[in-house]
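Okay, run_2.cif now, which holds mmCIF, C-alpha atoms:
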data_target
loop_
_atom_site.label_atom_id
_atom_site.label_comp_id
_atom_site.auth_asym_id
_atom_site.auth_seq_id
_atom_site.Cartn_x
_atom_site.Cartn_y
_atom_site.Cartn_z
CA MET A 1080 13.59 -26.59 -4.61
CA THR A 1081 11.22 -24.60 -6.76
CA PRO A 1082 9.39 -21.56 -5.38
CA LYS A 1083 6.14 -23.48 -5.87
CA SER A 1084 6.93 -25.86 -3.01
CA VAL A 1085 7.19 -23.00 -0.50
CA PRO A 1086 3.90 -21.89 1.11
CA SER A 1087 2.91 -18.36 0.18
CA GLU A 1088 2.68 -17.42 3.88
CA THR A 1089 6.37 -18.27 4.11
CA THR A 1090 7.41 -16.27 1.04
CA ASP A 1091 5.35 -13.35 2.35
CA ARG A 1092 7.19 -13.46 5.66
CA LEU A 1093 10.57 -13.92 3.97
CA PHE A 1094 9.97 -10.57 2.25
CA PHE A 1095 9.37 -9.02 5.64
CA TYR A 1096 12.49 -10.56 7.17
CA LEU A 1097 14.63 -8.93 4.50
CA ARG A 1098 14.30 -5.39 5.77
CA PRO A 1099 15.34 -5.91 9.41
CA LEU A 1100 18.16 -8.15 8.17
CA MET A 1101 19.41 -5.32 5.98
CA CYS A 1102 19.23 -2.97 8.95
CA LEU A 1103 21.39 -5.44 10.88
CA VAL A 1104 23.95 -5.54 8.06
CA ASN A 1105 24.05 -1.77 7.98
CA GLU A 1106 24.65 -1.72 11.74
CA GLY A 1107 27.59 -4.10 11.27
CA THR A 1108 25.89 -7.11 12.90
CA GLU A 1109 27.32 -10.36 11.53
CA THR A 1110 25.09 -13.05 13.00
CA VAL A 1111 21.51 -13.22 14.20
CA LEU A 1112 19.64 -15.82 16.24
CA SER A 1113 16.23 -16.91 14.97
CA ARG A 1114 14.65 -15.72 18.21
CA GLU A 1115 16.20 -12.27 17.74
CA LEU A 1116 14.82 -12.05 14.21
CA ALA A 1117 11.48 -13.28 15.57
CA ARG A 1118 11.42 -10.57 18.21
CA ILE A 1119 12.26 -7.82 15.70
CA CYS A 1120 9.61 -9.04 13.27
CA ARG A 1121 7.10 -9.88 16.00
CA VAL A 1122 6.67 -13.42 14.73
CA LYS A 1123 6.94 -16.60 16.82
CA PRO A 1124 10.51 -18.01 16.88
CA SER A 1125 9.17 -21.40 15.76
CA VAL A 1126 7.62 -19.72 12.71
CA VAL A 1127 10.88 -17.98 11.83
CA ARG A 1128 12.78 -21.25 12.14
CA LYS A 1129 10.23 -23.06 9.98
CA ASP A 1130 10.38 -20.32 7.34
CA LEU A 1131 14.16 -20.27 7.27
CA SER A 1132 14.27 -24.07 7.05
CA TYR A 1133 13.01 -23.74 3.46
CA LEU A 1134 16.30 -22.05 2.62
CA GLY A 1135 18.26 -25.20 3.44
CA SER A 1136 20.97 -25.34 6.08
CA VAL A 1137 22.09 -21.77 6.59
CA GLY A 1138 22.19 -21.46 10.40
CA THR A 1139 24.35 -22.94 13.17
CA ARG A 1140 22.74 -23.98 16.44
CA GLY A 1141 23.67 -21.57 19.27
CA VAL A 1142 25.50 -19.24 16.89
CA GLY A 1143 22.64 -18.30 14.61
CA TYR A 1144 22.63 -17.22 11.03
CA ASN A 1145 25.23 -15.25 9.17
CA VAL A 1146 23.19 -12.17 8.28
CA LYS A 1147 24.70 -11.61 4.83
CA SER A 1148 24.32 -15.25 3.80
CA LEU A 1149 20.78 -15.27 5.09
CA ILE A 1150 19.91 -12.22 2.99
CA GLU A 1151 21.47 -13.86 -0.05
CA SER A 1152 19.59 -17.10 0.52
CA ILE A 1153 16.28 -15.33 0.97
CA ARG A 1154 16.79 -13.15 -2.08
CA SER A 1155 17.77 -16.16 -4.12
CA MET A 1156 14.62 -18.04 -3.08
CA LEU A 1157 12.47 -14.99 -3.80
CA ARG A 1158 13.88 -14.58 -7.33
CA PHE A 1159 15.36 -11.34 -6.14
CA ASP A 1160 19.04 -12.20 -6.41
CA GLN A 1161 19.57 -9.72 -9.22
CA ASP A 1162 18.69 -6.04 -9.10
CA ILE A 1163 15.20 -5.36 -10.37
CA ARG A 1164 15.13 -2.64 -13.02
CA VAL A 1165 12.19 -0.31 -12.69
CA ALA A 1166 10.50 2.35 -14.83
CA VAL A 1167 8.48 5.15 -13.24
CA VAL A 1168 5.62 6.54 -15.30
CA GLY A 1169 4.28 9.90 -14.17
CA VAL A 1170 6.54 12.37 -12.40
CA GLY A 1171 4.12 14.29 -10.18
CA ASN A 1172 4.47 14.36 -6.41
CA ILE A 1173 4.28 10.60 -6.03
CA GLY A 1174 6.55 9.80 -8.98
CA ARG A 1175 9.06 12.32 -7.65
CA ALA A 1176 8.91 10.81 -4.17
CA VAL A 1177 9.67 7.40 -5.65
CA LEU A 1178 12.50 8.70 -7.85
CA GLU A 1179 14.14 10.54 -4.96
CA GLN A 1180 13.93 7.55 -2.61
CA SER A 1181 17.56 6.53 -2.36
CA ARG A 1182 16.92 3.42 -0.27
CA PHE A 1183 15.30 1.55 -3.17
CA GLU A 1184 18.75 1.11 -4.65
CA LEU A 1185 20.11 -0.33 -1.40
CA GLU A 1186 17.21 -2.76 -1.43
CA GLY A 1187 17.82 -4.04 -4.93
CA PHE A 1188 15.58 -1.85 -7.09
CA ARG A 1189 17.26 0.19 -9.78
CA ILE A 1190 15.08 2.88 -11.30
CA VAL A 1191 16.43 3.14 -14.81
CA MET A 1192 13.91 5.40 -16.53
CA ALA A 1193 11.05 7.81 -15.87
CA PHE A 1194 8.40 9.22 -18.17
CA ASP A 1195 6.04 12.16 -18.16
CA SER A 1196 3.97 13.91 -20.80
CA ASP A 1197 4.44 17.42 -19.37
CA PRO A 1198 7.02 19.35 -21.46
CA GLU A 1199 7.95 21.25 -18.28
CA VAL A 1200 9.08 17.99 -16.69
CA VAL A 1201 10.54 16.11 -19.67
CA GLY A 1202 14.31 16.53 -19.83
CA ARG A 1203 14.69 17.30 -16.12
CA ARG A 1204 16.84 15.17 -13.88
CA VAL A 1205 14.90 13.73 -10.94
CA GLY A 1206 16.75 11.37 -8.63
CA LYS A 1207 19.20 9.50 -10.86
CA VAL A 1208 17.34 9.67 -14.16
CA VAL A 1209 16.39 12.25 -16.75
CA VAL A 1210 12.64 12.28 -17.37
CA GLU A 1211 11.73 11.11 -20.88
CA ASP A 1212 8.73 11.98 -23.01
CA SER A 1213 5.83 9.53 -22.56
CA ALA A 1214 5.50 9.45 -26.35
CA GLY A 1215 8.44 7.04 -26.42
CA LEU A 1216 7.21 4.91 -23.53
CA GLU A 1217 6.33 1.66 -25.29
CA GLU A 1218 9.40 1.53 -27.49
CA ARG A 1219 11.86 2.41 -24.73
CA ILE A 1220 10.43 0.01 -22.17
CA GLU A 1221 10.35 -2.82 -24.67
CA ALA A 1222 13.93 -2.11 -25.76
CA GLU A 1223 15.16 -2.13 -22.16
CA GLY A 1224 13.16 -5.24 -21.25
CA ILE A 1225 11.66 -3.65 -18.14
CA ARG A 1226 9.65 -6.08 -16.03
CA LEU A 1227 8.33 -3.76 -13.32
CA ALA A 1228 6.76 -0.32 -13.73
CA ILE A 1229 5.47 2.11 -11.14
CA LEU A 1230 2.37 3.85 -12.43
CA ALA A 1231 1.94 7.31 -10.91
CA VAL A 1232 -0.11 9.08 -13.58
CA PRO A 1233 -3.52 10.69 -12.94
CA GLU A 1234 -6.41 8.26 -12.56
CA SER A 1235 -7.93 9.26 -15.91
CA ALA A 1236 -4.76 8.32 -17.80
CA ALA A 1237 -3.97 5.15 -15.85
CA PRO A 1238 -5.92 2.51 -17.85
CA LYS A 1239 -4.44 3.60 -21.18
CA VAL A 1240 -0.89 3.85 -19.85
CA ALA A 1241 -1.25 0.45 -18.17
CA ARG A 1242 -2.25 -1.11 -21.50
CA THR A 1243 0.76 0.48 -23.15
CA LEU A 1244 3.00 -0.95 -20.43
CA GLY A 1245 1.48 -4.39 -20.96
CA ASN A 1246 2.09 -4.11 -24.71
CA ALA A 1247 5.69 -3.17 -24.01
CA GLY A 1248 6.20 -6.42 -22.09
CA VAL A 1249 5.92 -5.17 -18.51
CA LYS A 1250 4.84 -8.03 -16.23
CA CYS A 1251 4.33 -6.15 -12.95
CA ILE A 1252 2.64 -2.83 -12.31
CA LEU A 1253 2.56 -1.04 -8.98
CA SER A 1254 -0.22 1.49 -9.44
CA PHE A 1255 -1.09 4.52 -7.37
CA ALA A 1256 -4.23 5.17 -9.43
CA PRO A 1257 -7.32 4.29 -7.41
CA CYS A 1258 -9.01 2.37 -10.18
CA GLU A 1259 -9.26 -1.16 -11.46
CA LEU A 1260 -6.82 -1.84 -14.29
CA ALA A 1261 -8.09 -4.54 -16.61
CA MET A 1262 -4.91 -6.31 -17.65
CA PRO A 1263 -4.20 -9.71 -19.18
CA SER A 1264 -3.54 -12.42 -16.60
CA ASN A 1265 0.19 -12.45 -17.25
CA VAL A 1266 0.48 -8.87 -15.96
CA LYS A 1267 0.33 -8.62 -12.18
CA VAL A 1268 -1.07 -5.38 -10.78
CA THR A 1269 -0.96 -4.13 -7.22
CA CYS A 1270 -2.88 -0.97 -6.51
CA ILE A 1271 -1.89 1.19 -3.57
CA ASP A 1272 -5.30 2.45 -2.56
CA LEU A 1273 -4.88 4.85 0.34
CA SER A 1274 -8.60 5.51 0.81
CA VAL A 1275 -9.47 1.86 1.17
CA THR A 1276 -6.50 1.35 3.48
CA MET A 1277 -7.53 4.29 5.66
CA ALA A 1278 -11.18 3.27 5.80
CA ARG A 1279 -10.17 -0.24 6.81
CA LEU A 1280 -7.83 1.05 9.53
CA VAL A 1281 -10.57 3.19 11.03
CA TYR A 1282 -13.10 0.36 10.85
CA HIS A 1283 -10.79 -2.05 12.63
CA SER A 1284 -9.90 0.52 15.27
CA TYR A 1285 -13.60 0.78 16.16
CA SER A 1286 -14.14 -2.99 16.05
CA GLU A 1287 -11.23 -3.44 18.41
CA GLU A 1288 -12.71 -0.98 20.89
CA GLN A 1289 -15.92 -2.93 20.76
CA CYS A 1290 -14.11 -6.21 21.38
CA GLU A 1291 -12.30 -4.69 24.33
CA GLY A 1292 -15.60 -3.72 25.89
CA PRO A 1293 -16.88 -0.30 26.90
CA GLY A 1294 -14.56 2.61 27.59
CA MET B 1184 -26.28 -6.09 13.55
CA THR B 1185 -22.85 -5.39 14.98
CA PRO B 1186 -19.81 -5.23 12.71
CA LYS B 1187 -18.48 -8.31 14.50
CA SER B 1188 -21.09 -10.54 12.91
CA VAL B 1189 -19.95 -9.66 9.38
CA PRO B 1190 -17.06 -11.78 8.02
CA SER B 1191 -13.90 -9.76 7.44
CA GLU B 1192 -13.80 -10.93 3.79
CA THR B 1193 -17.15 -9.20 3.37
CA THR B 1194 -16.10 -5.94 5.01
CA ASP B 1195 -12.94 -6.00 2.90
CA ARG B 1196 -14.99 -6.33 -0.27
CA LEU B 1197 -17.50 -3.71 0.86
CA PHE B 1198 -14.62 -1.22 0.98
CA PHE B 1199 -13.79 -2.12 -2.60
CA TYR B 1200 -17.37 -1.76 -3.79
CA LEU B 1201 -17.46 1.82 -2.50
CA ARG B 1202 -15.18 3.28 -5.15
CA PRO B 1203 -16.96 2.02 -8.29
CA LEU B 1204 -20.26 2.97 -6.67
CA MET B 1205 -19.00 6.50 -6.18
CA CYS B 1206 -17.89 6.57 -9.82
CA LEU B 1207 -21.45 5.57 -10.78
CA VAL B 1208 -22.91 8.38 -8.67
CA ASN B 1209 -20.56 10.86 -10.26
CA GLU B 1210 -21.66 9.63 -13.70
CA GLY B 1211 -25.30 10.22 -12.71
CA THR B 1212 -26.25 6.52 -12.55
CA GLU B 1213 -29.15 5.98 -10.15
CA THR B 1214 -29.45 2.21 -9.89
CA VAL B 1215 -27.09 -0.70 -10.28
CA LEU B 1216 -27.71 -4.44 -10.60
CA SER B 1217 -25.62 -6.76 -8.44
CA ARG B 1218 -24.27 -8.44 -11.58
CA GLU B 1219 -23.13 -5.06 -12.94
CA LEU B 1220 -21.33 -4.27 -9.70
CA ALA B 1221 -19.87 -7.78 -9.79
CA ARG B 1222 -18.57 -7.26 -13.33
CA ILE B 1223 -16.98 -3.89 -12.47
CA CYS B 1224 -15.33 -5.30 -9.35
CA ARG B 1225 -14.49 -8.63 -10.97
CA VAL B 1226 -16.18 -10.59 -8.21
CA LYS B 1227 -18.80 -13.34 -8.68
CA PRO B 1228 -22.37 -11.97 -8.71
CA SER B 1229 -23.33 -14.48 -5.99
CA VAL B 1230 -20.56 -13.09 -3.79
CA VAL B 1231 -21.73 -9.50 -4.33
CA ARG B 1232 -25.30 -10.50 -3.46
CA LYS B 1233 -24.15 -12.32 -0.34
CA ASP B 1234 -22.03 -9.34 0.74
CA LEU B 1235 -24.83 -6.85 0.18
CA SER B 1236 -27.30 -9.09 2.04
CA TYR B 1237 -25.50 -8.12 5.25
CA LEU B 1238 -26.73 -4.57 4.71
CA GLY B 1239 -30.36 -5.64 5.06
CA SER B 1240 -32.95 -5.16 2.36
CA VAL B 1241 -31.62 -2.40 0.14
CA GLY B 1242 -32.15 -3.83 -3.37
CA THR B 1243 -35.22 -4.57 -5.51
CA ARG B 1244 -35.25 -7.70 -7.66
CA GLY B 1245 -34.94 -6.83 -11.35
CA VAL B 1246 -34.40 -3.14 -10.62
CA GLY B 1247 -31.27 -3.38 -8.56
CA TYR B 1248 -29.90 -1.14 -5.88
CA ASN B 1249 -30.27 2.58 -5.55
CA VAL B 1250 -26.62 3.61 -5.80
CA LYS B 1251 -26.76 6.45 -3.27
CA SER B 1252 -28.63 4.35 -0.68
CA LEU B 1253 -26.22 1.51 -1.23
CA ILE B 1254 -23.24 3.77 -0.59
CA GLU B 1255 -24.91 5.07 2.57
CA SER B 1256 -25.68 1.56 3.81
CA ILE B 1257 -22.15 0.37 3.17
CA ARG B 1258 -20.60 3.41 4.80
CA SER B 1259 -22.87 3.04 7.79
CA MET B 1260 -21.89 -0.61 8.21
CA LEU B 1261 -18.20 0.25 7.86
CA ARG B 1262 -18.39 2.97 10.54
CA PHE B 1263 -17.63 5.42 7.80
CA ASP B 1264 -20.90 7.36 7.79
CA GLN B 1265 -19.21 10.51 9.03
CA ASP B 1266 -16.26 12.21 7.41
CA ILE B 1267 -12.98 10.97 8.82
CA ARG B 1268 -10.73 13.82 9.92
CA VAL B 1269 -7.09 13.25 9.12
CA ALA B 1270 -3.76 14.78 10.11
CA VAL B 1271 -0.75 14.55 7.82
CA VAL B 1272 2.66 14.52 9.50
CA GLY B 1273 5.62 15.24 7.25
CA VAL B 1274 5.18 17.46 4.19
CA GLY B 1275 7.83 16.12 1.83
CA ASN B 1276 6.94 14.70 -1.58
CA ILE B 1277 4.61 12.07 -0.20
CA GLY B 1278 2.92 14.32 2.34
CA ARG B 1279 2.43 16.91 -0.38
CA ALA B 1280 0.95 14.32 -2.75
CA VAL B 1281 -1.55 13.33 -0.06
CA LEU B 1282 -2.44 16.93 0.79
CA GLU B 1283 -2.98 17.83 -2.85
CA GLN B 1284 -5.15 14.78 -3.54
CA SER B 1285 -8.58 16.34 -3.94
CA ARG B 1286 -10.44 13.04 -4.27
CA PHE B 1287 -9.90 12.14 -0.60
CA GLU B 1288 -12.52 14.73 0.29
CA LEU B 1289 -15.03 13.24 -2.14
CA GLU B 1290 -14.40 9.89 -0.52
CA GLY B 1291 -15.06 11.06 3.01
CA PHE B 1292 -11.61 11.94 4.29
CA ARG B 1293 -11.09 15.49 5.43
CA ILE B 1294 -7.47 16.48 5.96
CA VAL B 1295 -7.69 19.07 8.71
CA MET B 1296 -4.07 19.65 9.63
CA ALA B 1297 -0.51 19.03 8.49
CA PHE B 1298 2.78 19.25 10.34
CA ASP B 1299 6.43 19.56 9.42
CA SER B 1300 9.56 20.52 11.32
CA ASP B 1301 11.21 22.39 8.43
CA PRO B 1302 10.87 26.18 8.95
CA GLU B 1303 10.82 26.54 5.15
CA VAL B 1304 7.62 24.50 5.01
CA VAL B 1305 5.85 25.59 8.20
CA GLY B 1306 3.31 28.34 7.48
CA ARG B 1307 2.87 27.42 3.82
CA ARG B 1308 -0.49 26.46 2.43
CA VAL B 1309 -0.48 22.99 0.83
CA GLY B 1310 -3.78 21.68 -0.46
CA LYS B 1311 -6.41 23.07 1.91
CA VAL B 1312 -4.33 23.44 5.05
CA VAL B 1313 -1.51 25.61 6.35
CA VAL B 1314 1.43 23.52 7.52
CA GLU B 1315 1.98 23.78 11.29
CA ASP B 1316 5.16 23.34 13.30
CA SER B 1317 5.68 19.76 14.50
CA ALA B 1318 6.54 21.18 17.91
CA GLY B 1319 2.83 21.59 18.54
CA LEU B 1320 1.86 18.17 17.17
CA GLU B 1321 0.78 16.36 20.32
CA GLU B 1322 -1.21 19.22 21.78
CA ARG B 1323 -3.00 20.11 18.54
CA ILE B 1324 -3.92 16.54 17.62
CA GLU B 1325 -5.21 15.85 21.09
CA ALA B 1326 -7.24 19.06 21.11
CA GLU B 1327 -8.81 18.21 17.74
CA GLY B 1328 -9.46 14.59 18.68
CA ILE B 1329 -7.86 13.25 15.51
CA ARG B 1330 -8.30 9.49 15.09
CA LEU B 1331 -6.29 8.89 11.89
CA ALA B 1332 -2.85 10.24 10.99
CA ILE B 1333 -0.79 9.78 7.87
CA LEU B 1334 2.87 9.47 8.75
CA ALA B 1335 5.13 10.69 5.96
CA VAL B 1336 8.26 11.67 7.87
CA PRO B 1337 11.73 10.23 7.18
CA GLU B 1338 12.28 6.70 8.44
CA SER B 1339 14.65 7.84 11.19
CA ALA B 1340 12.01 10.11 12.72
CA ALA B 1341 9.05 7.76 12.28
CA PRO B 1342 9.18 5.75 15.56
CA LYS B 1343 9.36 8.87 17.74
CA VAL B 1344 6.61 10.69 15.84
CA ALA B 1345 4.42 7.58 15.95
CA ARG B 1346 4.76 7.44 19.74
CA THR B 1347 3.80 11.11 19.96
CA LEU B 1348 0.74 10.42 17.81
CA GLY B 1349 -0.24 7.54 20.08
CA ASN B 1350 0.16 9.76 23.15
CA ALA B 1351 -2.07 12.36 21.49
CA GLY B 1352 -4.86 9.79 21.17
CA VAL B 1353 -4.48 8.79 17.50
CA LYS B 1354 -5.91 5.30 16.97
CA CYS B 1355 -4.89 4.68 13.33
CA ILE B 1356 -1.61 5.40 11.57
CA LEU B 1357 -1.00 4.99 7.87
CA SER B 1358 2.78 5.00 7.64
CA PHE B 1359 5.00 5.43 4.63
CA ALA B 1360 8.12 4.74 6.67
CA PRO B 1361 9.51 1.31 5.84
CA CYS B 1362 10.04 0.27 9.43
CA GLU B 1363 8.21 -1.54 12.18
CA LEU B 1364 6.46 0.86 14.53
CA ALA B 1365 6.09 -0.63 18.00
CA MET B 1366 2.75 0.77 19.15
CA PRO B 1367 0.33 -0.22 21.88
CA SER B 1368 -2.34 -2.66 20.72
CA ASN B 1369 -5.05 0.00 20.65
CA VAL B 1370 -3.20 1.87 17.87
CA LYS B 1371 -3.60 0.24 14.46
CA VAL B 1372 -0.73 0.75 12.03
CA THR B 1373 -0.64 0.01 8.32
CA CYS B 1374 2.69 0.45 6.64
CA ILE B 1375 2.81 1.13 2.91
CA ASP B 1376 5.99 -0.71 2.07
CA LEU B 1377 6.71 -0.24 -1.62
CA SER B 1378 9.83 -2.41 -1.67
CA VAL B 1379 8.08 -5.43 -0.21
CA THR B 1380 5.13 -4.88 -2.54
CA MET B 1381 7.41 -4.66 -5.58
CA ALA B 1382 9.47 -7.69 -4.60
CA ARG B 1383 6.28 -9.70 -4.10
CA LEU B 1384 4.88 -8.61 -7.48
CA VAL B 1385 8.04 -9.69 -9.26
CA TYR B 1386 8.17 -13.00 -7.41
CA HIS B 1387 4.59 -13.83 -8.31
CA SER B 1388 5.10 -12.81 -11.92
CA TYR B 1389 7.89 -15.40 -12.18
CA SER B 1390 5.93 -18.08 -10.31
CA GLU B 1391 3.05 -17.56 -12.71
CA GLU B 1392 5.32 -18.04 -15.70
CA GLN B 1393 6.53 -21.26 -14.15
CA CYS B 1394 2.97 -22.47 -13.58
CA GLU B 1395 2.12 -21.69 -17.16
CA GLY B 1396 4.99 -23.82 -18.37
CA PRO B 1397 7.96 -22.89 -20.53
CA GLY B 1398 7.86 -19.98 -22.94
#
If you took the structure in this file and wrote it as structure tokens, what would it be?
Amino acid sequence: MTPKSVPSETTDRLFFYLRPLMCLVNEGTETVLSRELARICRVKPSVVRKDLSYLGSVGTRGVGYNVKSLIESIRSMLRFDQDIRVAVVGVGNIGRAVLEQSRFELEGFRIVMAFDSDPEVVGRRVGKVVVEDSAGLEERIEAEGIRLAILAVPESAAPKVARTLGNAGVKCILSFAPCELAMPSNVKVTCIDLSVTMARLVYHSYSEEQCEGPG
Amino acid sequence: MTPKSVPSETTDRLFFYLRPLMCLVNEGTETVLSRELARICRVKPSVVRKDLSYLGSVGTRGVGYNVKSLIESIRSMLRFDQDIRVAVVGVGNIGRAVLEQSRFELEGFRIVMAFDSDPEVVGRRVGKVVVEDSAGLEERIEAEGIRLAILAVPESAAPKVARTLGNAGVKCILSFAPCELAMPSNVKVTCIDLSVTMARLVYHSYSEEQCEGPG
């Protein structure tokens, strides 16, 4: 079965199932019923069962799913069966937070390099890597064949750095810069835009109050 | 016109129009044509015109929209015409990055308080606020009538702190903790989950390659 035959709503939810499943593994839980997973994820049990059916036969009626096998099946379907090697560009507060986040490794992301242009930062160890000079960014990323980069440079520098990453062969950019990055179509960009997210939250909190009537 | 009568796709896009419009204001641009805004936002001009039509008559054919009025109209429609006062809970790397982000203020978010439980951090000035002791969280947030809180505490503490925020009257939580927060329905939660976002980016970058054929 190719990923194309799975609805995107299903792949989206499969991503979300992964985290509670990993919590279960860490707690030593060996099997999980679809309705338990549904309750944890606040999704209808029938939806969970439908989603997991795309993985083929991995559960046993009445017994449930072996949690480890389920994680493996999901990761395999999501093209996430191998660790994803990541480069972090920009080691300010956000870059540092990412580099020091030990759970990424547990979840299958291996941060293998970090870059900054500040001589005060270059050469320092942050998390598990030593920060390299941004001057060598393109060459190093290309040589290591990095697919995913986290862009945490100031907004003014982001478009240029993003282009450099694209030139180096990066296919996915997670950007914290609140600006549009014009990239070729073969480079996927997701922008974490906190202002838009906050404004939307507030808007929906007011709409909800309105729907619920006065008070 | 109540917000309910505006399609959510439109309100979503209106949020996204705000940022380029603010860039235009900062550059001293007074008017903008819908097709210019469309180009910047990479949306069809007809879509931009449709979206802006919900604001009432704010543009002039051939001349375009007054940028400042347009921003005001959008913000008014999005219930964002007053500054949104924000509390930050947890002053680690992420909390610090948020507190030191000066553009939030330009965009209408005013961070008015920050909390941490670490005695080393409490009492320090970060950004524009002095970090307060988390012990006083509920009382202080309730007294100030804070609607939106940014939750940047460790995952293990997040559910308890979120409940406290809900008890204090917070209606919106932007959480950086990668876990489900079980909150009453009148509290909106958005979780910034970097792992899920990264996994999804990588998945789609592979799917795209497949769609584009071999090579």
| query | Which residues match the PyMOL selection byres ((chain B and resi 1327) around 10) in the file above, as a PyMOL selection string? | reply | chain B and resi 1268+1270+1295-1296+1322-1326+1328-1330+1351-1352
Write to file, as a PDB file, in the coordinates of the input, the residues of the selection just made, with C-alpha atoms.
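What ended up in again_7.pdb:
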ATOM      1  CA  ARG B1268     -10.730  13.820   9.920  1.00  0.00           C
ATOM      2  CA  ALA B1270      -3.760  14.780  10.110  1.00  0.00           C
ATOM      3  CA  VAL B1295      -7.690  19.070   8.710  1.00  0.00           C
ATOM      4  CA  MET B1296      -4.070  19.650   9.630  1.00  0.00           C
ATOM      5  CA  GLU B1322      -1.210  19.220  21.780  1.00  0.00           C
ATOM      6  CA  ARG B1323      -3.000  20.110  18.540  1.00  0.00           C
ATOM      7  CA  ILE B1324      -3.920  16.540  17.620  1.00  0.00           C
ATOM      8  CA  GLU B1325      -5.210  15.850  21.090  1.00  0.00           C
ATOM      9  CA  ALA B1326      -7.240  19.060  21.110  1.00  0.00           C
ATOM     10  CA  GLY B1328      -9.460  14.590  18.680  1.00  0.00           C
ATOM     11  CA  ILE B1329      -7.860  13.250  15.510  1.00  0.00           C
ATOM     12  CA  ARG B1330      -8.300   9.490  15.090  1.00  0.00           C
ATOM     13  CA  ALA B1351      -2.070  12.360  21.490  1.00  0.00           C
ATOM     14  CA  GLY B1352      -4.860   9.790  21.170  1.00  0.00           C
TER      15      GLY B1352
END
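Pairwise distance (CA of Pro1257 in chain A, CA of Cys1270 in chain A) equals 6.9 Å.
From CA of Phe1194 in chain A back to CA of Thr1380 in chain B, the distance works out to 21.3 Å.
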| query | Could you write out as number ranges by chain the residues that the PyMOL selection byres ((chain A and resi 1269) around 9) matches in the shown file? | reply | A: 1251-1255, 1267-1268, 1270-1271; B: 1380-1381, 1384
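One distance worth recording is that between CA of Thr1194 in chain B and CA of Leu1238 in chain B, which is 10.7 Å.
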| task | Determine the residue membership of the PyMOL selection byres ((chain B and resi 1246) around 12) for the file above and supply it as number ranges by chain. | result | B: 1213-1219, 1241-1245, 1247-1250
Take the selection from the previous step and output its residues with C-alpha atoms, as an mmCIF file, in the coordinates of the input.
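Saved result, selection.cif, follows:
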data_model
loop_
_atom_site.group_PDB
_atom_site.id
_atom_site.type_symbol
_atom_site.label_atom_id
_atom_site.label_comp_id
_atom_site.auth_asym_id
_atom_site.auth_seq_id
_atom_site.Cartn_x
_atom_site.Cartn_y
_atom_site.Cartn_z
ATOM 1 C CA GLU B 1213 -29.150 5.980 -10.150
ATOM 2 C CA THR B 1214 -29.450 2.210 -9.890
ATOM 3 C CA VAL B 1215 -27.090 -0.700 -10.280
ATOM 4 C CA LEU B 1216 -27.710 -4.440 -10.600
ATOM 5 C CA SER B 1217 -25.620 -6.760 -8.440
ATOM 6 C CA ARG B 1218 -24.270 -8.440 -11.580
ATOM 7 C CA GLU B 1219 -23.130 -5.060 -12.940
ATOM 8 C CA VAL B 1241 -31.620 -2.400 0.140
ATOM 9 C CA GLY B 1242 -32.150 -3.830 -3.370
ATOM 10 C CA THR B 1243 -35.220 -4.570 -5.510
ATOM 11 C CA ARG B 1244 -35.250 -7.700 -7.660
ATOM 12 C CA GLY B 1245 -34.940 -6.830 -11.350
ATOM 13 C CA GLY B 1247 -31.270 -3.380 -8.560
ATOM 14 C CA TYR B 1248 -29.900 -1.140 -5.880
ATOM 15 C CA ASN B 1249 -30.270 2.580 -5.550
ATOM 16 C CA VAL B 1250 -26.620 3.610 -5.800
#
| request: Within 8 Å of (5.1, 5.8, -12.1) (coordinates as in the file), grab all the protein and nucleic acid residues, counting only C-alpha atoms, and write them out as an NGL selection string. | output: :A and (1166-1170 or 1173-1174 or 1193-1194 or 1228-1232 or 1253-1255)
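Of the residues listed (B:Ser1229, B:Ser1236, B:Ser1256, B:Ser1188), B:Ser1188 shows the shortest atom-to-atom separation from chain A; distances use all atoms listed in the file.
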| In terms of the shortest atom-to-atom distance over all atoms listed in the file, which of B:Ala1382, B:Ile1267, B:Val1226, B:Ala1221 is closest to Phe1287 in chain B? | B:Ile1267
Return as AutoDock Vina command-line options the box centre and box size in Å, one decimal, for an axis-aligned box around all listed atoms of range 1370-1375 of chain B padded by 5 Å per side.
--center_x -0.4 --center_y 0.9 --center_z 10.4 --size_x 16.4 --size_y 11.9 --size_z 25.0
| task | Could you please give me, as a PyMOL selection string, the residues of protein, DNA or RNA lying at most 9 Å from (17.9, -2.8, -9.2) in the coordinate frame of the file, considering all atoms listed in the file? | result | chain A and resi 1161-1165+1183-1191
| field | Proximity to chain B - best of A:Arg1158, A:Lys1207, A:Arg1092, A:Lys1147, only C-alpha atoms | value | A:Arg1158
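Each of B:Glu1255, B:Glu1303, B:Asp1195, B:Glu1315 was checked against chain A using all atoms listed in the file; the smallest atom-to-atom distance is that of B:Asp1195.
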| Selection: 8 Å around Arg1279 in chain B, all atoms listed in the file, excl. self and same-chain fewer than 6 positions, as a PyMOL selection string | (chain A and resi 1172) or (chain B and resi 1309-1310)
Per residue of range 1113-1163 of chain A within 8 Å of range 1094-1108 of chain A, note the shortest atom pair and the distance in Å to one decimal, counting only C-alpha atoms, and order the rows by chain and increasing residue number, as CSV.
residue,atom,partner,partner_atom,distance
A:Leu1116,CA,A:Tyr1096,CA,7.6
A:Ile1119,CA,A:Pro1099,CA,7.3
A:Cys1120,CA,A:Tyr1096,CA,6.9
A:Val1146,CA,A:Leu1100,CA,6.4
A:Lys1147,CA,A:Val1104,CA,6.9
A:Ile1150,CA,A:Leu1097,CA,6.4
A:Ile1153,CA,A:Leu1097,CA,7.5
A:Leu1157,CA,A:Phe1094,CA,7.9
